[in-house]
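Source file coords-v8.tsv; content: TSV, C-alpha atoms.
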chain	number	residue	atom	x	y	z
A	985	SER	CA	0.45	-3.66	32.03
A	986	GLN	CA	-1.12	-4.78	28.81
A	987	GLN	CA	-4.87	-5.10	29.13
A	988	GLY	CA	-6.40	-5.33	25.66
A	989	GLU	CA	-5.63	-8.38	23.58
A	990	GLU	CA	-6.63	-8.40	19.94
A	991	ASP	CA	-7.54	-11.42	17.94
A	992	PRO	CA	-6.47	-12.34	15.33
A	993	GLN	CA	-2.92	-10.97	15.27
A	994	ALA	CA	-3.04	-10.81	11.49
A	995	LEU	CA	-5.88	-10.95	8.99
A	996	SER	CA	-5.74	-11.06	5.21
A	997	ILE	CA	-8.90	-10.61	3.13
A	998	GLN	CA	-10.01	-9.69	-0.37
A	999	GLU	CA	-11.30	-6.25	-1.19
A	1000	GLY	CA	-15.05	-6.08	-0.66
A	1001	GLU	CA	-15.09	-8.63	2.15
A	1002	ASN	CA	-15.85	-7.79	5.76
A	1003	ALA	CA	-13.12	-7.79	8.40
A	1004	THR	CA	-13.79	-8.57	12.04
A	1005	MET	CA	-11.29	-7.99	14.82
A	1006	ASN	CA	-11.81	-8.84	18.45
A	1007	CYS	CA	-10.46	-7.37	21.66
A	1008	SER	CA	-10.55	-8.77	25.17
A	1009	TYR	CA	-9.66	-6.97	28.37
A	1010	LYS	CA	-9.36	-7.80	32.04
A	1011	THR	CA	-10.61	-5.04	34.32
A	1012	SER	CA	-13.52	-2.61	34.46
A	1013	ILE	CA	-13.48	0.25	31.99
A	1014	ASN	CA	-15.05	3.65	31.36
A	1015	ASN	CA	-14.78	3.25	27.62
A	1016	LEU	CA	-13.03	1.28	24.92
A	1017	GLN	CA	-11.44	2.90	21.91
A	1018	TRP	CA	-10.28	1.64	18.53
A	1019	TYR	CA	-7.36	3.18	16.69
A	1020	ARG	CA	-5.86	2.62	13.28
A	1021	GLN	CA	-2.18	2.91	12.40
A	1022	ASN	CA	-0.85	3.01	8.87
A	1023	SER	CA	2.70	1.79	8.42
A	1024	GLY	CA	5.20	4.33	9.73
A	1025	ARG	CA	2.55	6.74	10.92
A	1026	GLY	CA	0.85	7.68	14.19
A	1027	LEU	CA	-2.38	6.27	15.54
A	1028	VAL	CA	-5.68	7.68	14.37
A	1029	HIS	CA	-8.75	7.43	16.54
A	1030	LEU	CA	-11.63	5.58	14.88
A	1031	ILE	CA	-14.39	5.13	17.40
A	1032	LEU	CA	-15.05	5.26	21.16
A	1033	ILE	CA	-17.70	3.19	22.87
A	1034	ARG	CA	-18.71	3.91	26.44
A	1035	SER	CA	-19.16	1.17	29.00
A	1036	ASN	CA	-22.94	1.65	29.01
A	1037	GLU	CA	-23.18	1.30	25.22
A	1038	ARG	CA	-23.48	-2.00	23.39
A	1039	GLU	CA	-23.04	-1.01	19.76
A	1040	LYS	CA	-21.83	1.97	17.79
A	1041	HIS	CA	-21.56	2.74	14.09
A	1042	SER	CA	-19.42	5.14	12.11
A	1043	GLY	CA	-19.54	4.84	8.33
A	1044	ARG	CA	-18.33	1.34	7.44
A	1045	LEU	CA	-17.27	0.67	11.02
A	1046	ARG	CA	-19.34	-1.17	13.59
A	1047	VAL	CA	-18.15	-1.67	17.14
A	1048	THR	CA	-19.77	-3.83	19.77
A	1049	LEU	CA	-19.01	-4.01	23.47
A	1050	ASP	CA	-19.92	-6.81	25.86
A	1051	THR	CA	-18.87	-5.77	29.36
A	1052	SER	CA	-20.05	-9.08	30.85
A	1053	LYS	CA	-17.51	-10.91	28.67
A	1054	LYS	CA	-15.02	-8.03	28.74
A	1055	SER	CA	-14.77	-8.07	24.98
A	1056	SER	CA	-15.28	-5.83	21.97
A	1057	SER	CA	-15.32	-6.34	18.24
A	1058	LEU	CA	-14.59	-4.04	15.31
A	1059	LEU	CA	-16.26	-4.83	12.01
A	1060	ILE	CA	-15.17	-3.12	8.81
A	1061	THR	CA	-17.67	-3.73	6.04
A	1062	ALA	CA	-16.92	-3.74	2.32
A	1063	SER	CA	-13.19	-3.44	2.94
A	1064	ARG	CA	-10.91	-1.50	0.63
A	1065	ALA	CA	-7.20	-1.76	-0.06
A	1066	ALA	CA	-6.82	1.56	1.77
A	1067	ASP	CA	-8.06	-0.13	4.97
A	1068	THR	CA	-4.76	-2.02	5.14
A	1069	ALA	CA	-3.29	-1.01	8.51
A	1070	SER	CA	-2.84	-2.15	12.09
A	1071	TYR	CA	-5.83	-1.78	14.37
A	1072	PHE	CA	-5.52	-1.37	18.13
A	1073	CYS	CA	-8.07	-1.43	20.88
A	1074	ALA	CA	-7.39	0.60	24.00
A	1075	THR	CA	-9.18	0.62	27.31
A	1076	ASP	CA	-9.80	3.68	29.43
A	1077	GLY	CA	-10.16	2.76	33.08
A	1078	SER	CA	-11.47	4.72	35.99
A	1079	GLY	CA	-9.83	7.81	37.46
A	1080	ASN	CA	-6.87	9.35	35.69
A	1081	THR	CA	-5.29	6.11	34.51
A	1082	PRO	CA	-3.93	6.37	30.97
A	1083	LEU	CA	-5.11	4.24	28.06
A	1084	VAL	CA	-3.85	0.69	27.86
A	1085	PHE	CA	-3.34	-0.59	24.34
A	1086	GLY	CA	-3.67	-4.10	23.04
A	1087	LYS	CA	-1.13	-5.72	20.76
A	1088	GLY	CA	-3.07	-4.97	17.60
A	1089	THR	CA	-4.39	-6.76	14.55
A	1090	ARG	CA	-2.55	-6.31	11.27
A	1091	LEU	CA	-5.13	-6.18	8.47
A	1092	SER	CA	-4.18	-6.68	4.84
A	1093	VAL	CA	-6.83	-6.02	2.21
A	1094	ILE	CA	-5.87	-7.39	-1.17
A	1095	ALA	CA	-7.20	-5.67	-4.26
B	1349	ASP	CA	-3.95	21.37	9.73
B	1350	ALA	CA	-1.51	19.15	11.65
B	1351	MET	CA	-2.50	19.31	15.31
B	1352	VAL	CA	0.19	17.22	16.96
B	1353	ILE	CA	3.53	17.72	15.29
B	1354	GLN	CA	6.62	15.69	15.95
B	1355	ASN	CA	10.07	16.65	14.81
B	1356	PRO	CA	12.06	15.23	13.29
B	1357	ARG	CA	10.25	12.34	11.57
B	1358	TYR	CA	13.49	10.38	11.43
B	1359	GLN	CA	16.40	10.72	13.82
B	1360	VAL	CA	19.70	8.89	13.75
B	1361	THR	CA	22.07	9.07	16.67
B	1362	GLN	CA	25.13	7.25	17.88
B	1363	PHE	CA	25.23	4.77	20.72
B	1364	GLY	CA	25.50	6.78	23.95
B	1365	LYS	CA	25.00	10.19	22.33
B	1366	PRO	CA	22.14	12.18	23.90
B	1367	VAL	CA	19.18	12.88	21.70
B	1368	THR	CA	16.05	15.03	22.07
B	1369	LEU	CA	12.76	14.47	20.33
B	1370	SER	CA	10.15	17.19	20.22
B	1371	CYS	CA	6.39	17.40	20.11
B	1372	SER	CA	4.14	20.41	19.72
B	1373	GLN	CA	0.37	20.72	19.69
B	1374	THR	CA	-2.13	23.32	18.53
B	1375	LEU	CA	-5.04	21.74	20.41
B	1376	ASN	CA	-4.39	23.37	23.79
B	1377	HIS	CA	-4.84	20.00	25.48
B	1378	ASN	CA	-3.90	19.58	29.11
B	1379	VAL	CA	-2.42	16.14	28.80
B	1380	MET	CA	0.59	15.08	26.73
B	1381	TYR	CA	1.92	11.55	26.46
B	1382	TRP	CA	5.09	9.92	25.19
B	1383	TYR	CA	4.94	6.34	23.92
B	1384	GLN	CA	7.61	4.00	22.65
B	1385	GLN	CA	6.57	1.58	19.93
B	1386	LYS	CA	8.75	-1.21	18.60
B	1387	SER	CA	8.07	-3.10	15.44
B	1388	SER	CA	4.76	-5.00	15.40
B	1389	GLN	CA	4.08	-4.11	19.03
B	1390	ALA	CA	1.59	-1.94	20.86
B	1391	PRO	CA	2.58	1.55	21.97
B	1392	LYS	CA	4.14	1.47	25.43
B	1393	LEU	CA	3.53	4.49	27.64
B	1394	LEU	CA	6.72	6.07	28.95
B	1395	PHE	CA	5.28	9.06	30.83
B	1396	HIS	CA	2.66	11.75	30.65
B	1397	TYR	CA	1.94	15.25	31.86
B	1398	TYR	CA	-1.29	16.52	33.32
B	1399	ASP	CA	-0.57	20.20	32.75
B	1400	LYS	CA	2.81	20.50	34.50
B	1401	ASP	CA	2.37	17.45	36.70
B	1402	PHE	CA	4.76	14.76	35.52
B	1403	ASN	CA	3.78	11.10	35.75
B	1404	ASN	CA	6.42	8.48	35.11
B	1405	GLU	CA	5.53	4.86	34.38
B	1406	ALA	CA	7.17	2.49	36.85
B	1407	ASP	CA	9.12	0.58	34.20
B	1408	THR	CA	10.36	3.57	32.21
B	1409	PRO	CA	14.17	3.50	32.28
B	1410	ASP	CA	15.97	6.35	34.03
B	1411	ASN	CA	17.68	6.98	30.72
B	1412	PHE	CA	14.45	8.63	29.53
B	1413	GLN	CA	13.55	12.11	30.70
B	1414	SER	CA	10.91	14.60	29.65
B	1415	ARG	CA	10.31	18.33	29.76
B	1416	ARG	CA	7.17	20.35	29.20
B	1417	PRO	CA	8.08	24.04	29.22
B	1418	ASN	CA	4.56	25.16	28.27
B	1419	THR	CA	1.20	23.79	27.18
B	1420	SER	CA	2.20	23.50	23.54
B	1421	PHE	CA	5.55	21.76	23.72
B	1422	CYS	CA	6.89	18.57	25.19
B	1423	PHE	CA	10.33	17.01	24.80
B	1424	LEU	CA	11.70	13.53	25.22
B	1425	ASP	CA	15.35	13.33	26.18
B	1426	ILE	CA	17.27	10.08	25.93
B	1427	ARG	CA	20.48	10.63	27.84
B	1428	SER	CA	22.55	7.68	26.66
B	1429	PRO	CA	20.74	5.78	23.91
B	1430	GLY	CA	21.38	2.08	23.64
B	1431	LEU	CA	20.65	-0.20	20.71
B	1432	GLY	CA	17.46	-1.31	22.46
B	1433	ASP	CA	16.11	2.22	22.34
B	1434	ALA	CA	15.71	2.12	18.58
B	1435	ALA	CA	11.97	2.49	18.07
B	1436	MET	CA	9.16	4.76	16.95
B	1437	TYR	CA	8.39	7.42	19.56
B	1438	LEU	CA	4.85	8.72	19.54
B	1439	CYS	CA	3.49	11.84	21.18
B	1440	ALA	CA	-0.21	12.16	21.96
B	1441	THR	CA	-2.51	14.69	23.59
B	1442	ASN	CA	-5.84	14.58	25.36
B	1443	PRO	CA	-8.07	17.35	26.73
B	1444	ARG	CA	-8.55	15.58	30.07
B	1445	VAL	CA	-12.27	15.41	29.53
B	1446	VAL	CA	-14.10	12.18	30.10
B	1447	ASP	CA	-14.64	9.98	27.07
B	1448	GLN	CA	-12.32	11.86	24.73
B	1449	PRO	CA	-9.77	10.09	22.55
B	1450	GLN	CA	-6.09	10.76	22.26
B	1451	HIS	CA	-4.65	12.65	19.30
B	1452	PHE	CA	-1.36	11.34	18.00
B	1453	GLY	CA	1.49	12.82	16.03
B	1454	ASP	CA	3.10	10.87	13.23
B	1455	GLY	CA	6.00	9.86	15.42
B	1456	THR	CA	9.76	10.05	15.27
B	1457	ARG	CA	11.60	6.94	14.18
B	1458	LEU	CA	14.85	6.74	16.12
B	1459	SER	CA	17.79	4.71	14.84
B	1460	ILE	CA	20.93	4.04	16.87
B	1461	LEU	CA	24.26	3.48	15.13

Turn the structure described in the file into C-alpha cells.
Amino acid sequence: SQQGEEDPQALSIQEGENATMNCSYKTSINNLQWYRQNSGRGLVHLILIRSNEREKHSGRLRVTLDTSKKSSSLLITASRAADTASYFCATDGSGNTPLVFGKGTRLSVIA
Amino acid sequence: DAMVIQNPRYQVTQFGKPVTLSCSQTLNHNVMYWYQQKSSQAPKLLFHYYDKDFNNEADTPDNFQSRRPNTSFCFLDIRSPGLGDAAMYLCATNPRVVDQPQHFGDGTRLSIL
C-alpha cells in the first residue's frame, strides 16, 4: 500500500530559486529516502535519513525528518535547470519489508 | 560503470505474446526487485528476491512471473501481456544491509500493440 505522499504534486520555479517538497507517511519507519527520476530513466538515490536523525545535508540538498508528525521535507537550494525531474520519497519500515514509494513531486526549473 | 543494467531499454510486443525483460547487476547485492511504473505514478513493487527466496506482492497479477538463476541476473516474464501492462519496468538491487538505498537500472519501457 502507498505510504508516502508528496506535496505538491507539481512545482514550477525559476532557476536560482529554492524548491521545497514535502512527504507524509503513516506508520513507523527505520529510515526515509529521497530519490530523483529524470524523464524516461531509473530512480537515483539522493539522500537517506534515519529515524533518529532530524536533518541531513548533501551539497545543495537539505532533508528534514519529523517523526512526531510523520513528515519529511526536501529542500533544493539555488535550483538549476538540470534539477528538473520527479522526486520521490520512500519509507523503509521495520523487518524485511520493502520500500514504499510516494506518488512523487514533478519539479520544473525554468532557465 | 553501469551497475544495474536492464535490457532492452525499449520493448514492443503484441497483445498476448509472451515477453521477457532482463536485469543484471555487478554489485553482488542479495536483493533484487521488479517494479512497474505507469506514467506520472510511483513505482509499484511486483516482487523481489532475497537471494533465491521469492517474494510476491499480494496484488501482482498471475500473468507476471520472475526468475533469478544466479546472483547477477533476474528476469521478468509476462506470459500474456494486455494493454494495461504497457509501462516502464524498473529493476533495483539492495545489499540487504540496514539503512542502505536501492540501486536502480534505467528501466525497460514496454509497449503493447

B:Arg1415, B:Ser1428, B:Ala1406, B:Met1351 ranked by distance to Lys1392 of chain B, top pick (using all atoms listed in the file):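 Smallest separation from Lys1392 of chain B among the options: B:Ala1406.
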
Should the cut-off be 6 Å, what would the residue list for chain B against chain A look like, counting all atoms listed in the file, as an mmCIF file with C-alpha atoms, in the coordinates of the input?
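Contents of result.cif, as written:
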data_model
loop_
_atom_site.group_PDB
_atom_site.id
_atom_site.type_symbol
_atom_site.label_atom_id
_atom_site.label_comp_id
_atom_site.auth_asym_id
_atom_site.auth_seq_id
_atom_site.Cartn_x
_atom_site.Cartn_y
_atom_site.Cartn_z
ATOM 1 C CA GLN B 1389 4.080 -4.110 19.030
ATOM 2 C CA ALA B 1390 1.590 -1.940 20.860
ATOM 3 C CA PHE B 1452 -1.360 11.340 18.000
ATOM 4 C CA GLY B 1453 1.490 12.820 16.030
ATOM 5 C CA ASP B 1454 3.100 10.870 13.230
ATOM 6 C CA GLY B 1455 6.000 9.860 15.420
#

Met1380 of chain B surroundings by only C-alpha atoms, 12 Å radius, close-in-sequence under 4 positions cut, as a ChimeraX atom specification: /A:1082 /B:1352,1370-1376,1393-1403,1414-1424,1438-1444,1450-1453

Please produce an output containing C-alpha atoms for each residue in the selection, written as a compact mmCIF listing (two decimals), keeping the file's coordinate frame.
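Here's the written file selection_12.txt:
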# COMPACT_ATOMS: atom_id res chain seq x y z
CA PRO A 1082 -3.93 6.37 30.97
CA VAL B 1352 0.19 17.22 16.96
CA SER B 1370 10.15 17.19 20.22
CA CYS B 1371 6.39 17.40 20.11
CA SER B 1372 4.14 20.41 19.72
CA GLN B 1373 0.37 20.72 19.69
CA THR B 1374 -2.13 23.32 18.53
CA LEU B 1375 -5.04 21.74 20.41
CA ASN B 1376 -4.39 23.37 23.79
CA LEU B 1393 3.53 4.49 27.64
CA LEU B 1394 6.72 6.07 28.95
CA PHE B 1395 5.28 9.06 30.83
CA HIS B 1396 2.66 11.75 30.65
CA TYR B 1397 1.94 15.25 31.86
CA TYR B 1398 -1.29 16.52 33.32
CA ASP B 1399 -0.57 20.20 32.75
CA LYS B 1400 2.81 20.50 34.50
CA ASP B 1401 2.37 17.45 36.70
CA PHE B 1402 4.76 14.76 35.52
CA ASN B 1403 3.78 11.10 35.75
CA SER B 1414 10.91 14.60 29.65
CA ARG B 1415 10.31 18.33 29.76
CA ARG B 1416 7.17 20.35 29.20
CA PRO B 1417 8.08 24.04 29.22
CA ASN B 1418 4.56 25.16 28.27
CA THR B 1419 1.20 23.79 27.18
CA SER B 1420 2.20 23.50 23.54
CA PHE B 1421 5.55 21.76 23.72
CA CYS B 1422 6.89 18.57 25.19
CA PHE B 1423 10.33 17.01 24.80
CA LEU B 1424 11.70 13.53 25.22
CA LEU B 1438 4.85 8.72 19.54
CA CYS B 1439 3.49 11.84 21.18
CA ALA B 1440 -0.21 12.16 21.96
CA THR B 1441 -2.51 14.69 23.59
CA ASN B 1442 -5.84 14.58 25.36
CA PRO B 1443 -8.07 17.35 26.73
CA ARG B 1444 -8.55 15.58 30.07
CA GLN B 1450 -6.09 10.76 22.26
CA HIS B 1451 -4.65 12.65 19.30
CA PHE B 1452 -1.36 11.34 18.00
CA GLY B 1453 1.49 12.82 16.03

Separation of atom CA of Met1005 of chain A from atom CA of Val1446 of chain B, in Å and rounded to one decimal: 25.5 Å

d(atom CA of Asp1407 of chain B, atom CA of Asn1006 of chain A) in Å: 27.8 Å

Computed interatomic separation between atom CA of Ser1055 of chain A and atom CA of Cys1007 of chain A (Å):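 Separation between atom CA of Ser1055 of chain A and atom CA of Cys1007 of chain A: 5.5 Å.
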
Sel. within 9 Å of pt (-18.0, -0.6, 1.0), counting all atoms listed in the file, output as a count of residues only: 9

All residues 9 Å or closer to Ser1057 of chain A, all atoms listed in the file, same chain fewer than 4 positions away omitted, as a list in words: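 Neighbouring residues, sequence-local ones excluded: Thr1004, Met1005, Asn1006, Cys1007, Ser1008, Arg1046, Val1047, Thr1048, Leu1049 and Asp1050 of chain A.
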